[in-house]
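Worksheet: one structure, shown below.
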Amino acid sequence: MASTAADSTAQAAPTAPPSLILPPSQFARLQPHAYLLAHLSPPASSQQPSLRANGRSPSQFRITSANTGSLTHTNGSAVVRLGDTTAVCGIKAEILHTEDIPSWSVSHSSSSLASNKRRKLTSPAENLGADREDGSEETDDDDDSYIEDFSLLVPNLSLSTGCAPGFIPGAPPSALAQSLSHQILSLLRSTRIVRSKDLQIWYQRPNLGREELEVHNEDEQMDVDVEQDRSGGATPEPREIKAFWVLYIDIMIISLAGNPFDAAWLSVLAALRDTKLPRAWWDVDNEIVVCSDLVSEARKLSLRGLPVASSFGVFEADAAAGWRAVLIPDAEEERKIADSERKGIRRRWILADPDGYEEGLSLERVCLVVDRDQGGSGEVVIVKLEKNGGFAVDRKELKQLVEISAQRWEDINQILGQC
Amino acid sequence: MMGGPIASLHPLSRADGSASYKCPSTGSNVLGSVNAPVELPGRRDALKPEDATIEVFVKPGTAPSGVGERYVEGILRGALSRIVLGREKGYPRRGVVITLAILGGESIGRGGSYLPLLPALLHTSILALLSASVPLSMSLSATMLAVNPSGEIVRKPSITDARAAASLHVLAFTSKGHLLLSESEGRFNFDTWDKVYENALAVCHGTSTLSSDGDVAMTENMDTQPLEGFVRDTVEDHIRAEYAWKVDAA
Amino acid sequence: MTDRRRINGPPGGTRPPIFASSLESTSDIVAERPQRQRQPNELRKIFLKTGLIPSASGSSYLEFEPSTSLSAARSKPKSVIPPSSSLKLACTVHGPKPLPRSATFSPNLVLTTHVKYAPFAGRRRKGHVRDASERDLGVHLETALRGAIVAERWPKSGLDITITILEAEDDRWWGDAPDSHDAAWGMMNVLAGCITAASAAISDARIDCLDLVAGGVAAVVADETAGRETTSQLMLDTDPADHRSILSACVVAYMPARDEITELWLKGDNSKSSVGTDNRGLGHEALIDGAVDAARGAHSVLAEAVRESAQRFAGLPSGDFT
């Protein structure tokens with residue numbers, strides 16, 4: 001039992017009268033720092049392993065489960081439980097007509113070929129990005145900027161669900177909810193996980209005679225384009241993008257017990273893997289996009305990679321270490337102390353997947369998002385690294401954390417594979 | 001070769017402390033003010049009994065602030081709260097309010113990366129905190145490095161370099177050489193990050209801490225002064241100017 | 001209008017997908033219309049569990065059994081359009097806790113209720129800001145619970161009840177056009193679910209109540225199987241997607257031990273049914289009785305869930321229950 005360690009410390013003071021002995025739960029509330037420290041550094045005589053107050057070892061994550069496709073009205077959904085933290089993600093797809101995009105007619109000629117050419121000239125970054133993309137299917141990479149330019153991915157995270165006492169329901173999103181939403185959008189963007197190709201709705205102009213074309217296209221500009229296409233020897237396909245799918249990705253944190261980012265990101269990932277978009281086409285007669293309701297015609301998104309997030313918190317034995325100005329050793333001394341630490345008393349612990357209680361006791365946070373090349377068999381790639389708020393995690397520690405995150409990737413890959 | 005950053009202390013007369021900072025390579029220009037210690041009347045329940053509450057506000061120049069600003073405010077708060085000595089006399093249960101206005105540079109789009117602005121924001125904050133005489137345990141310096149698709153590390157990347165980069169890294173070190181903050185995005189492996197770390201440490205602290213890698217140190221000397229020295233010099237210059245009357249009189 | 005605290009979609013707005021089958025006005029769609037497979041007085045099974053959200057003082061999760069058509073569509077999906085949906089909601093209770101400094105003195109427990117649909121809960125995407133119907137549900141829920149809680153035991157305290165609806169009930173079958181006697185029928189089922197779930201969460205938070213309040217729904221529906229003349233019939237726990245036309249519906253919050261109704265919400269036109277038939281059993285009284293019967297059914301599930309919650313509470317040493 002994990003609580004026995006605290007028990008022994010709580011009762012350690014022999015002079016205290018029995019009435020002052022606190023049950024572990026009250027000790028945990030009154031002296032949270034001492035409580036966790038007592039668990040992590042049990043007295044040598046007690047022969048107990050160093051465990052956290054929740055019974056986990058420092059590098060152990062909570063039991064994680066994912067369940068997809070249970071929500072009826074979504075294109076893709078997932079419920080992820082990370083211990084007591086629960087995130088529900090639902091993805092609803094709606095249609096953005098190009099005529100509703102103010103800048104579309106100006107910046108995009110109706111021929112896809114021309115627009116691709118233009119993009120190649122104006123945004124070298126995108127192309128360089130395409131070059132380093134591993135291996136296959138590089139053809140679609142050059143128009144990925146559609147997703148950014150037209151806001152095709154709309155993630156929002158809500159904490160106003162009564163998930164924890166501090167958040168007032170009905171109030172606008174807290175600073176935490178806002179920054180989590182931003183982190184998710186920014187990660188969707190930097191990992192380029194959703195392909196623009198999957199979100200485009202095309203109109204294949206029928207290869208009809210000239211008269212037919214005139215009937216169909218009152219729009220003058222289109223006619224001009226068609227003529228140009230014909231005059232220029234190699235006629236490109238008369239295709240044009242008529243609309244895009246917009247994915248509204250909403251994450252409701254139903255229960256918050258620490259580490260909301262890992263849970264939220266995993267729910268997004270699982271929901272994206274579950275998402276199916278119906279076949280959609282441009283209906284010329286009604287001038288709208290029409291979808292097929294056949295499941296057999298709907299298709300899944302082809303995602304790029306499987307970036308998995310792992311968060312860590314640092315717990316320091318000396319709670320006041322940060323503010324005793326004169327006593328902070330410099331980086332060199334720090335390393336020496338760290339070396340000698342192996343023999344003596346530990347000063348700090350890096351705790352994987354901190355729960356709510358531990359989050360309140362750790363200032364320094366690390367978040368690593370890792371993926372593997374070539375669909376899971378290749379090298380471990382870091383796609384995002386965030387370390388902030390302290391001095392404990394340096395190069396050596398980060399190297400270990402990358403290894404732990406890589407192991408976590410394997411576990412998550414397995415969990416997602418099963419649902 | 002582009003020149004070093006330009007900074008001035010105390011450009012605003014009404015704030016307790018202020019600083020402006022301009023980074024020539026990214027073009028970012030930030031004006032910051034610090035008011036401390038101040039009473040925060042609306043948040044009496046949220047105040048910590050033995051520590052100061054640090055509030056950071058980031059105001060973009062052209063657009064209204066959005067979710068991205070809340071995020072970067074969180075990062076800045078995390079880094080600065082480890083440096084500010086909030087338990088010194090007069091600070092507990094009070095606030096340290098840092099307001100940063102982005103005056104120039106590339107505006108950050110929806111969900112865009114804040115990394116190119118982060119060093120400027122950190123430097124402005126630390127200079128403004130110094131200017132307001134807020135007790136600090138250490139100073140800090142930060143830099144952004146880009147790794148281009150062929151694997152080379154680009155120092156002082158421009159906005160164009162940053163866009164073309166395979167990965168972007170912002171690292172901040174305390175004046176005692178601890179890694180205080182590291183924010184990276186893109187695709188990279190740990191070895192790349194390790195090289196970036198060496199480089200960033202050289203940019204921030206120059207040769208003194210680089211004992212093993214002599215080559216990097218030599219080139220660094222010829223380039224510019226380390227950023228840590230820059231923060232120090234800015235403060236020294238300011239003090240010299242402030243106390244000119246006394247120096248003259250003596 | 002952009003919301004600076006959220007991530008916004010395309011400024012020009014987006015349109016929900018339009019399906020080809022809904023454009024063609026043909027007969028083969030009618031064949032897919034879901035039919036009620038239950039007896040008129042047979043209730044759907046309710047899954048109710050307490051204590052899933054440890055950071056709250058009390059919590060519950062409620063789910064209605066999916067209808068036959070929905071579970072058939074789940075196991076052998078043919079169309080991407082779901083035939084109906086089943087209610088799923090999570091409820092948390094925070095408190096009793098001290099009222100904020102600014103609040104005026106109250107000798108009783110101050111009850112606050114919030115009901116919010118997740119944006120993906122319905123067929124149509126919901127906004128992030130609470131709309132009129134969500135506020136309405138909150139008020140109804142508050143009236144339903146206020147009468148049951150022994151409020152004078154906690155002076156100067158507040159109790160926050162928050163419900164997040166993850167999946168809502170439809171107001172009608174998706175293929176039907178909205179017509180004249182159409183109303184937000186799905187909302188009434190949602191309210192009944194909210195009442196039952198909130199009651200379980202309040203007991204889970206160990207707040208003293210007079211009795212467990214359960215919600216129940218009954219409706220008078222126009223029977224479509226009879227081809228000649230529309231005959232009306234009283235049904236308990238109606239799924240609006242199952243019926244072509246609902247004439248009136250009623251939701252009650254009911255305390256069986258005291259035989260008291262704390263909340264009554266009746267909607268629709270009852271005159272039509274009483275004129276059309278000689279059946280006198282379709283007046284308001286019958287409708288309310290039906291809803292009470294449905295609530296009794298929900299109460300048995302509720303009692304079981306609360307018993308589990310109490311066992312969990314008693315089974316653990318009180319110290320571990322933080």
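A note on labels: chains of the structure tokens are A, B, ... as shown, every chain counts residues from 1, and ligands are counted from 1 in their shown order.
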(request) May I have the residues within 9 Å of Ala166 in chain B as a ChimeraX atom specification, using only C-alpha atoms and disregarding those fewer than 2 positions away in the same chain? (result) /A:128-129,132 /B:146-151,162-164,168,185-188
Based on the selection just made, write N, CA and C atoms of those residues as a short mmCIF file (atom, residue, chain, number, x, y, z; two decimals), in the first residue's frame.
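Result file is out.cif:
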data_model
loop_
_atom_site.label_atom_id
_atom_site.label_comp_id
_atom_site.auth_asym_id
_atom_site.auth_seq_id
_atom_site.Cartn_x
_atom_site.Cartn_y
_atom_site.Cartn_z
N LEU A 128 10.30 23.23 -49.36
CA LEU A 128 11.40 22.66 -48.61
C LEU A 128 10.87 21.65 -47.62
N GLY A 129 9.72 22.02 -47.06
CA GLY A 129 9.08 21.09 -46.13
C GLY A 129 8.77 19.77 -46.83
N ARG A 132 11.83 17.25 -47.24
CA ARG A 132 12.33 16.42 -46.14
C ARG A 132 11.31 15.39 -45.69
N ALA B 146 17.72 27.93 -35.91
CA ALA B 146 16.97 27.14 -36.88
C ALA B 146 17.88 26.03 -37.39
N VAL B 147 17.29 24.90 -37.69
CA VAL B 147 18.04 23.84 -38.34
C VAL B 147 17.46 23.72 -39.74
N ASN B 148 18.26 23.96 -40.74
CA ASN B 148 17.70 23.94 -42.09
C ASN B 148 17.60 22.50 -42.59
N PRO B 149 16.85 22.29 -43.68
CA PRO B 149 16.58 20.91 -44.10
C PRO B 149 17.82 20.06 -44.33
N SER B 150 18.96 20.69 -44.62
CA SER B 150 20.16 19.86 -44.81
C SER B 150 20.89 19.60 -43.50
N GLY B 151 20.30 20.03 -42.38
CA GLY B 151 20.86 19.67 -41.09
C GLY B 151 21.81 20.68 -40.50
N ALA B 162 13.43 30.97 -40.74
CA ALA B 162 12.60 30.23 -39.80
C ALA B 162 11.51 29.45 -40.52
N ARG B 163 10.96 30.06 -41.56
CA ARG B 163 9.90 29.37 -42.31
C ARG B 163 10.44 28.18 -43.06
N ALA B 164 11.66 28.31 -43.55
CA ALA B 164 12.22 27.24 -44.37
C ALA B 164 12.83 26.14 -43.52
N LEU B 168 12.81 24.43 -35.43
CA LEU B 168 13.12 25.71 -34.81
C LEU B 168 13.28 25.48 -33.31
N GLU B 185 10.13 23.03 -32.17
CA GLU B 185 9.13 22.38 -33.01
C GLU B 185 9.72 22.07 -34.36
N GLY B 186 9.04 21.24 -35.11
CA GLY B 186 9.59 20.75 -36.37
C GLY B 186 9.90 19.28 -36.21
N ARG B 187 10.69 18.73 -37.10
CA ARG B 187 11.08 17.33 -36.95
C ARG B 187 12.58 17.27 -36.72
N PHE B 188 13.00 16.67 -35.63
CA PHE B 188 14.42 16.59 -35.34
C PHE B 188 14.64 15.42 -34.39
#
(request) Extract, using only C-alpha atoms, all DNA, RNA and protein residues at most 7 Å from range 314-317 of chain A, discarding same-chain residues fewer than 6 positions from it, and format them as a list in words. (result) Leu37, Arg347, Arg348, Trp349, Ile350, Leu351, Leu361, Ser362, Leu363, Glu364 and Arg365 of chain A
Taking only residues of chain B that have an atom at most 8 Å from an atom of chain C, what is each one's shortest atom pair and its distance in Å to one decimal, using only C-alpha atoms, in chain and number order, as JSON lines?
{"residue": "B:Pro64", "atom": "CA", "partner": "C:Arg4", "partner_atom": "CA", "distance": 7.6}
{"residue": "B:Ser65", "atom": "CA", "partner": "C:Arg4", "partner_atom": "CA", "distance": 6.9}
{"residue": "B:Gly66", "atom": "CA", "partner": "C:Arg4", "partner_atom": "CA", "distance": 4.8}
{"residue": "B:Val67", "atom": "CA", "partner": "C:Arg5", "partner_atom": "CA", "distance": 5.7}
{"residue": "B:Arg110", "atom": "CA", "partner": "C:Ile7", "partner_atom": "CA", "distance": 7.9}
Atoms kept (C-alpha atoms) for selection, written as a JSON list (two decimals), in the first residue's frame:
[["chain", "number", "residue", "atom", "x", "y", "z"],
["B", 64, "PRO", "CA", -6.47, 41.77, -31.23],
["B", 65, "SER", "CA", -4.95, 39.26, -28.84],
["B", 66, "GLY", "CA", -6.17, 35.70, -29.05],
["B", 67, "VAL", "CA", -5.48, 32.18, -27.84],
["B", 110, "ARG", "CA", -3.84, 31.61, -36.43]]
(message) Between C:Gly315, C:Gly51, C:Gly122, C:Gly147, which residue has the minimum interatomic distance to chain A, considering only C-alpha atoms?
(response)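 Residue with the minimum atom-to-atom distance to chain A: C:Gly122.
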(request) Excluding Thr68 in chain A and residues on its chain fewer than 3 positions from it, collect all residues at most 8 Å away from it, counting only C-alpha atoms, and give them as a ChimeraX atom specification. (result) /A:76-79,270-271,274,419
I need the chosen residues saved as a PDB file, in the first residue's frame, with N, CA and C atoms.
ATOM      1  N   GLY A  76     -16.171  11.526 -36.518  1.00  0.00           N
ATOM      2  CA  GLY A  76     -15.197  10.711 -35.818  1.00  0.00           C
ATOM      3  C   GLY A  76     -15.198  11.126 -34.368  1.00  0.00           C
ATOM      4  N   SER A  77     -15.040  10.185 -33.462  1.00  0.00           N
ATOM      5  CA  SER A  77     -15.065  10.573 -32.054  1.00  0.00           C
ATOM      6  C   SER A  77     -14.199   9.617 -31.262  1.00  0.00           C
ATOM      7  N   ALA A  78     -13.779  10.078 -30.093  1.00  0.00           N
ATOM      8  CA  ALA A  78     -12.967   9.240 -29.225  1.00  0.00           C
ATOM      9  C   ALA A  78     -13.164   9.661 -27.780  1.00  0.00           C
ATOM     10  N   VAL A  79     -13.135   8.697 -26.908  1.00  0.00           N
ATOM     11  CA  VAL A  79     -13.128   8.942 -25.470  1.00  0.00           C
ATOM     12  C   VAL A  79     -11.818   8.376 -24.954  1.00  0.00           C
ATOM     13  N   ALA A 270      -6.960   9.942 -31.790  1.00  0.00           N
ATOM     14  CA  ALA A 270      -7.840   8.786 -31.955  1.00  0.00           C
ATOM     15  C   ALA A 270      -9.073   9.164 -32.764  1.00  0.00           C
ATOM     16  N   ALA A 271      -9.611  10.359 -32.536  1.00  0.00           N
ATOM     17  CA  ALA A 271     -10.803  10.781 -33.276  1.00  0.00           C
ATOM     18  C   ALA A 271     -10.479  11.012 -34.744  1.00  0.00           C
ATOM     19  N   ASP A 274     -10.441   7.910 -36.510  1.00  0.00           N
ATOM     20  CA  ASP A 274     -11.784   7.348 -36.641  1.00  0.00           C
ATOM     21  C   ASP A 274     -12.616   8.102 -37.688  1.00  0.00           C
ATOM     22  N   CYS A 419      -8.332  -0.006 -31.014  1.00  0.00           N
ATOM     23  CA  CYS A 419      -9.674   0.565 -31.000  1.00  0.00           C
ATOM     24  C   CYS A 419     -10.118   0.990 -32.397  1.00  0.00           C
TER      25      CYS A 419
END
(request) Pull out every residue of chain A sitting within 7 Å of chain C, counting only C-alpha atoms, and send them as a VMD selection string. (result) chain A and resid 23 to 25 71 to 74 84 90 92 94 to 96 100 to 101 150 to 151 154 to 156 161 to 162 164 to 165 169 to 170 173 178 250 255 257 290 to 295
(message) For a quick test of understanding: name the residues of chain B lying within 8 Å of chain A when counting only C-alpha atoms, and present them as a PyMOL selection string.
(response) chain B and resi 67-68+70-72+74-75+78-87+110-113+136-138+149+163-166+176-190+194
Requested write-out: C-alpha atoms of the selected residues, as a CSV table (one decimal), in the first residue's frame:
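As written to disk, out_30.csv reads:
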chain,number,residue,atom,x,y,z
B,67,VAL,CA,-5.5,32.2,-27.8
B,68,GLY,CA,-1.9,32.3,-29.0
B,70,ARG,CA,-2.6,33.3,-23.7
B,71,TYR,CA,-0.2,30.4,-24.6
B,72,VAL,CA,2.9,32.5,-24.8
B,74,GLY,CA,1.9,31.0,-19.9
B,75,ILE,CA,5.4,30.2,-21.2
B,78,GLY,CA,6.7,29.8,-16.2
B,79,ALA,CA,10.2,31.0,-17.0
B,80,LEU,CA,10.1,34.3,-15.2
B,81,SER,CA,8.5,32.9,-12.0
B,82,ARG,CA,11.7,30.8,-11.4
B,83,ILE,CA,13.8,33.9,-11.5
B,84,VAL,CA,11.8,36.5,-9.7
B,85,LEU,CA,12.3,36.3,-5.9
B,86,GLY,CA,8.7,36.6,-5.0
B,87,ARG,CA,9.3,35.9,-1.3
B,110,ARG,CA,-3.8,31.6,-36.4
B,111,GLY,CA,-2.1,28.8,-34.6
B,112,GLY,CA,1.3,30.1,-35.8
B,113,SER,CA,4.5,29.6,-34.1
B,136,LEU,CA,15.9,38.4,-9.2
B,137,SER,CA,17.9,35.4,-8.4
B,138,MET,CA,19.5,35.3,-11.8
B,149,PRO,CA,16.6,20.9,-44.1
B,163,ARG,CA,9.9,29.4,-42.3
B,164,ALA,CA,12.2,27.2,-44.4
B,165,ALA,CA,13.7,25.5,-41.4
B,166,ALA,CA,13.2,21.8,-40.6
B,176,LYS,CA,24.6,30.8,-14.1
B,177,GLY,CA,24.3,28.5,-17.1
B,178,HIS,CA,21.2,26.5,-16.3
B,179,LEU,CA,18.9,25.5,-19.2
B,180,LEU,CA,15.8,27.4,-18.1
B,181,LEU,CA,13.6,27.0,-21.1
B,182,SER,CA,13.7,25.0,-24.3
B,183,GLU,CA,10.9,25.2,-26.9
B,184,SER,CA,11.3,23.3,-30.1
B,185,GLU,CA,9.1,22.4,-33.0
B,186,GLY,CA,9.6,20.8,-36.4
B,187,ARG,CA,11.1,17.3,-37.0
B,188,PHE,CA,14.4,16.6,-35.3
B,189,ASN,CA,16.2,14.0,-33.3
B,190,PHE,CA,17.9,14.2,-29.9
B,194,ASP,CA,22.1,18.4,-28.5
(request) Report as a PyMOL selection string: the residues of range 144-214 of chain B with a DSSP assignment of alpha helix (DSSP H), based on the backbone of this structure. (result) chain B and resi 159-164+190-205+214
Selected residues written out with N, CA and C atoms, as a PDB file, in the first residue's frame:
ATOM      1  N   ILE B 159      13.140  35.680 -40.508  1.00  0.00           N
ATOM      2  CA  ILE B 159      11.811  35.084 -40.591  1.00  0.00           C
ATOM      3  C   ILE B 159      11.757  34.084 -41.754  1.00  0.00           C
ATOM      4  N   THR B 160      12.437  34.425 -42.845  1.00  0.00           N
ATOM      5  CA  THR B 160      12.463  33.517 -43.994  1.00  0.00           C
ATOM      6  C   THR B 160      13.198  32.228 -43.661  1.00  0.00           C
ATOM      7  N   ASP B 161      14.313  32.366 -42.954  1.00  0.00           N
ATOM      8  CA  ASP B 161      15.042  31.163 -42.516  1.00  0.00           C
ATOM      9  C   ASP B 161      14.163  30.295 -41.628  1.00  0.00           C
ATOM     10  N   ALA B 162      13.431  30.968 -40.742  1.00  0.00           N
ATOM     11  CA  ALA B 162      12.598  30.230 -39.799  1.00  0.00           C
ATOM     12  C   ALA B 162      11.510  29.453 -40.521  1.00  0.00           C
ATOM     13  N   ARG B 163      10.960  30.061 -41.563  1.00  0.00           N
ATOM     14  CA  ARG B 163       9.901  29.371 -42.305  1.00  0.00           C
ATOM     15  C   ARG B 163      10.442  28.176 -43.061  1.00  0.00           C
ATOM     16  N   ALA B 164      11.659  28.313 -43.551  1.00  0.00           N
ATOM     17  CA  ALA B 164      12.217  27.241 -44.370  1.00  0.00           C
ATOM     18  C   ALA B 164      12.830  26.137 -43.520  1.00  0.00           C
ATOM     19  N   PHE B 190      17.266  13.695 -31.139  1.00  0.00           N
ATOM     20  CA  PHE B 190      17.902  14.229 -29.940  1.00  0.00           C
ATOM     21  C   PHE B 190      19.298  14.749 -30.216  1.00  0.00           C
ATOM     22  N   ASP B 191      20.037  14.097 -31.121  1.00  0.00           N
ATOM     23  CA  ASP B 191      21.393  14.545 -31.415  1.00  0.00           C
ATOM     24  C   ASP B 191      21.404  15.945 -32.004  1.00  0.00           C
ATOM     25  N   THR B 192      20.424  16.220 -32.867  1.00  0.00           N
ATOM     26  CA  THR B 192      20.319  17.565 -33.425  1.00  0.00           C
ATOM     27  C   THR B 192      20.096  18.558 -32.296  1.00  0.00           C
ATOM     28  N   TRP B 193      19.184  18.205 -31.407  1.00  0.00           N
ATOM     29  CA  TRP B 193      18.894  19.121 -30.303  1.00  0.00           C
ATOM     30  C   TRP B 193      20.137  19.356 -29.461  1.00  0.00           C
ATOM     31  N   ASP B 194      20.916  18.306 -29.270  1.00  0.00           N
ATOM     32  CA  ASP B 194      22.123  18.425 -28.470  1.00  0.00           C
ATOM     33  C   ASP B 194      23.100  19.404 -29.097  1.00  0.00           C
ATOM     34  N   LYS B 195      23.216  19.342 -30.431  1.00  0.00           N
ATOM     35  CA  LYS B 195      24.091  20.298 -31.130  1.00  0.00           C
ATOM     36  C   LYS B 195      23.541  21.706 -30.993  1.00  0.00           C
ATOM     37  N   VAL B 196      22.226  21.801 -31.111  1.00  0.00           N
ATOM     38  CA  VAL B 196      21.579  23.098 -30.973  1.00  0.00           C
ATOM     39  C   VAL B 196      21.865  23.663 -29.586  1.00  0.00           C
ATOM     40  N   TYR B 197      21.839  22.793 -28.598  1.00  0.00           N
ATOM     41  CA  TYR B 197      22.098  23.210 -27.226  1.00  0.00           C
ATOM     42  C   TYR B 197      23.494  23.816 -27.109  1.00  0.00           C
ATOM     43  N   GLU B 198      24.502  23.118 -27.665  1.00  0.00           N
ATOM     44  CA  GLU B 198      25.883  23.617 -27.625  1.00  0.00           C
ATOM     45  C   GLU B 198      25.971  24.998 -28.243  1.00  0.00           C
ATOM     46  N   ASN B 199      25.327  25.111 -29.413  1.00  0.00           N
ATOM     47  CA  ASN B 199      25.367  26.367 -30.133  1.00  0.00           C
ATOM     48  C   ASN B 199      24.686  27.482 -29.358  1.00  0.00           C
ATOM     49  N   ALA B 200      23.536  27.155 -28.817  1.00  0.00           N
ATOM     50  CA  ALA B 200      22.771  28.169 -28.099  1.00  0.00           C
ATOM     51  C   ALA B 200      23.534  28.625 -26.874  1.00  0.00           C
ATOM     52  N   LEU B 201      24.177  27.674 -26.199  1.00  0.00           N
ATOM     53  CA  LEU B 201      24.953  28.029 -25.016  1.00  0.00           C
ATOM     54  C   LEU B 201      26.093  28.965 -25.402  1.00  0.00           C
ATOM     55  N   ALA B 202      26.699  28.698 -26.553  1.00  0.00           N
ATOM     56  CA  ALA B 202      27.776  29.561 -27.026  1.00  0.00           C
ATOM     57  C   ALA B 202      27.252  30.953 -27.358  1.00  0.00           C
ATOM     58  N   VAL B 203      26.078  31.005 -27.972  1.00  0.00           N
ATOM     59  CA  VAL B 203      25.503  32.308 -28.326  1.00  0.00           C
ATOM     60  C   VAL B 203      25.195  33.097 -27.057  1.00  0.00           C
ATOM     61  N   CYS B 204      24.666  32.411 -26.046  1.00  0.00           N
ATOM     62  CA  CYS B 204      24.240  33.121 -24.841  1.00  0.00           C
ATOM     63  C   CYS B 204      25.398  33.405 -23.897  1.00  0.00           C
ATOM     64  N   HIS B 205      26.324  32.462 -23.789  1.00  0.00           N
ATOM     65  CA  HIS B 205      27.363  32.622 -22.783  1.00  0.00           C
ATOM     66  C   HIS B 205      28.772  32.702 -23.333  1.00  0.00           C
ATOM     67  N   GLY B 214      36.522  23.628 -28.734  1.00  0.00           N
ATOM     68  CA  GLY B 214      37.305  24.832 -28.980  1.00  0.00           C
ATOM     69  C   GLY B 214      36.954  25.564 -30.251  1.00  0.00           C
TER      70      GLY B 214
END
(request) Considering only C-alpha atoms, return as a VMD selection string whatever protein or nucleic-acid residues lie within 8 Å of His10 in chain B, sequence-local ones (same chain, fewer than 2 positions apart) excluded. (result) chain B and resid 8 12 to 13 17 to 20 128 131
Dump as a PDB file, in the first residue's frame, selection limited to C-alpha atoms:
ATOM      1  CA  SER B   8      16.995  50.668 -24.084  1.00  0.00           C
ATOM      2  CA  LEU B  12       8.395  54.784 -20.203  1.00  0.00           C
ATOM      3  CA  SER B  13       8.304  57.242 -17.346  1.00  0.00           C
ATOM      4  CA  GLY B  17      10.229  49.730 -14.924  1.00  0.00           C
ATOM      5  CA  SER B  18      10.291  49.398 -18.691  1.00  0.00           C
ATOM      6  CA  ALA B  19      12.469  48.341 -21.565  1.00  0.00           C
ATOM      7  CA  SER B  20      12.384  48.192 -25.315  1.00  0.00           C
ATOM      8  CA  ALA B 128      12.113  45.627 -17.685  1.00  0.00           C
ATOM      9  CA  SER B 131      14.704  48.396 -14.657  1.00  0.00           C
TER      10      SER B 131
END
(message) I need the residue nearest Gln37 in chain C from this list: C:Thr238, C:Asp269, C:Ala257, C:Ser199. Use only C-alpha atoms for the distance.
(response) C:Thr238
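Counting only C-alpha atoms and comparing A:Lys242, A:Arg56, A:Arg205, A:Arg304, the residue that lies closest to Ile193 in chain A is A:Arg304.
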(request) Could you give me the residues within range 12-222 of chain B that DSSP places in strand (DSSP E or B), as a VMD selection string? (result) chain B and resid 17 to 22 29 to 38 53 to 59 84 95 to 104 136 140 to 147 153 to 155 167 to 174 179 to 188
(request) For range 96-108 of chain B, work out the shell of residues within 6 Å, counting only C-alpha atoms and skipping chain neighbours fewer than 2 positions away, then give it as a ChimeraX atom specification. (result) /B:27-37,54-61,112
